[in-house]
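These notes are about the structure you will find just below.
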Amino acid sequence: AAAAELSKSQDDDDSNSNLNNLQGSTSSSQDMSFDTTQDDEQEPPALALSEPGESFEEEEDAIVFNGRKLYKPFVEKPVSGEDHNVSIYYPAGMGGGMKGLFRKKADRSAEFHPEISTVRRDGSYIYEAFLPTGGTDVKVYTVGPNYAHAEARKSPVVDGRVLRDDDGKEVRYPVLLSMEEKRIAREVCMAFGQMVCGFDLLRSKGRTYVCDVNGWSFVKNSEKYYDDTAKILR
């Protein structure tokens, strides 16, 4: 996997379809260019691996595809939605190393590897700018285009430890979605043609991004959600 294609794109429980950086719109498949200087105002770039034979280089703190550069920290996702092994690479100025994210095992969902600094070369991957979120991920569950239930959990990026309640379930908190996020939920549901659909939102620097769509996902522990779902699907 030594070639990449620049695209306008951007982590657990179910089989993932990587929907790349839906930012208030589902039309995120078009290519984009970006300045190699790091600008907080520009949209996060991503490099998606393409056919072999194109120029792909790796520097200490960046990867370069056909002269276009993506700086660390960046995220490396397998193209296959069945592979949940996601890597985050950090620049030397942040201490370097790589944090590997994976499906939850007991009370762990991530491990830091200070000795790893180079990207994987054993398959096809999507590379995305890392988005700081303040330590939380938002999980959204739709039932048709007009209903969305949202919960927040501690991001695995924080320390890799899964917070669980007395019943052994992952601790989650109810979240209110903005009108824009509700519109995004509607568009995701309609774009994938699924009445029941789950996806992950990242809130970063005042903007909201969709990072993963998880197929047929259900809320783990909410009687109201199941009551609402039953009424909608009846």
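Quick note on naming: the chains in the structure tokens go A, B, ... in the order shown, residues restart at 1 in each chain, and ligands are numbered from 1 in order of appearance.
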Quiz item: Contacts of Phe130 (chain A) at 7 Å or less, counting only C-alpha atoms, minus same-chain residues fewer than 5 places along, as a ChimeraX atom specification?
Solution: /A:73-75
Quiz prompt | Among listed residues A:Lys154, A:Arg161, A:Lys224, A:Arg120, nearest Lys105 (chain A) (using only C-alpha atoms) | solution =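 Using only C-alpha atoms, Lys105 (chain A) sits closest to A:Arg161.
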Quiz prompt | Point-to-point distance in Å for CA of Val143 (chain A) and CA of Leu177 (chain A) | solution =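 These two atoms are separated by 15.0 Å.
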Exercise. Using only C-alpha atoms, pick whichever of A:Tyr173, A:Tyr141, A:Tyr225, A:Tyr127 has the shortest atom-to-atom distance to Val213 (chain A).
Key: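 Using only C-alpha atoms, the shortest distance to Val213 (chain A) belongs to A:Tyr141.
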Test item: residues at most 10 Å from Glu170 (chain A), only C-alpha atoms, excluding those fewer than 5 positions along its chain, as a PDB file with N, CA, C and O atoms, in the first residue's frame:
ATOM      1  N   LYS A 104     -13.333  -3.293  21.779  1.00  0.00           N
ATOM      2  CA  LYS A 104     -13.149  -3.398  23.225  1.00  0.00           C
ATOM      3  C   LYS A 104     -12.817  -4.823  23.674  1.00  0.00           C
ATOM      4  O   LYS A 104     -13.477  -5.775  23.275  1.00  0.00           O
ATOM      5  N   ASP A 107     -11.551  -4.144  29.707  1.00  0.00           N
ATOM      6  CA  ASP A 107     -11.626  -2.714  29.985  1.00  0.00           C
ATOM      7  C   ASP A 107     -10.653  -1.902  29.137  1.00  0.00           C
ATOM      8  O   ASP A 107     -10.318  -0.777  29.471  1.00  0.00           O
ATOM      9  N   ARG A 153     -19.640   9.072  25.022  1.00  0.00           N
ATOM     10  CA  ARG A 153     -18.795   8.165  25.805  1.00  0.00           C
ATOM     11  C   ARG A 153     -17.383   8.744  25.829  1.00  0.00           C
ATOM     12  O   ARG A 153     -17.026   9.606  25.010  1.00  0.00           O
ATOM     13  N   LYS A 154     -16.581   8.266  26.756  1.00  0.00           N
ATOM     14  CA  LYS A 154     -15.188   8.693  26.789  1.00  0.00           C
ATOM     15  C   LYS A 154     -14.473   8.153  25.569  1.00  0.00           C
ATOM     16  O   LYS A 154     -14.588   6.970  25.245  1.00  0.00           O
ATOM     17  N   VAL A 162     -11.780   1.574  29.127  1.00  0.00           N
ATOM     18  CA  VAL A 162     -13.223   1.640  28.970  1.00  0.00           C
ATOM     19  C   VAL A 162     -13.878   1.826  30.339  1.00  0.00           C
ATOM     20  O   VAL A 162     -13.653   1.031  31.257  1.00  0.00           O
ATOM     21  N   LEU A 163     -14.685   2.879  30.488  1.00  0.00           N
ATOM     22  CA  LEU A 163     -15.428   3.093  31.735  1.00  0.00           C
ATOM     23  C   LEU A 163     -16.684   2.234  31.718  1.00  0.00           C
ATOM     24  O   LEU A 163     -17.479   2.320  30.766  1.00  0.00           O
ATOM     25  N   ARG A 164     -16.888   1.404  32.757  1.00  0.00           N
ATOM     26  CA  ARG A 164     -18.064   0.534  32.811  1.00  0.00           C
ATOM     27  C   ARG A 164     -18.847   0.784  34.097  1.00  0.00           C
ATOM     28  O   ARG A 164     -18.267   1.137  35.125  1.00  0.00           O
ATOM     29  N   ASP A 165     -20.159   0.554  34.021  1.00  0.00           N
ATOM     30  CA  ASP A 165     -20.999   0.723  35.197  1.00  0.00           C
ATOM     31  C   ASP A 165     -21.041  -0.573  36.009  1.00  0.00           C
ATOM     32  O   ASP A 165     -20.321  -1.533  35.706  1.00  0.00           O
ATOM     33  N   LYS A 220     -27.675   0.468  23.585  1.00  0.00           N
ATOM     34  CA  LYS A 220     -27.434  -0.656  24.496  1.00  0.00           C
ATOM     35  C   LYS A 220     -28.364  -0.672  25.704  1.00  0.00           C
ATOM     36  O   LYS A 220     -28.753  -1.715  26.188  1.00  0.00           O
ATOM     37  N   ASN A 221     -28.734   0.500  26.219  1.00  0.00           N
ATOM     38  CA  ASN A 221     -29.484   0.491  27.475  1.00  0.00           C
ATOM     39  C   ASN A 221     -30.347   1.744  27.611  1.00  0.00           C
ATOM     40  O   ASN A 221     -29.988   2.691  28.304  1.00  0.00           O
TER      41      ASN A 221
END
Exercise. Just give me the gap between CA of Thr118 (chain A) and CA of Glu58 (chain A) in Å, one decimal is fine.
Key: 7.7 Å
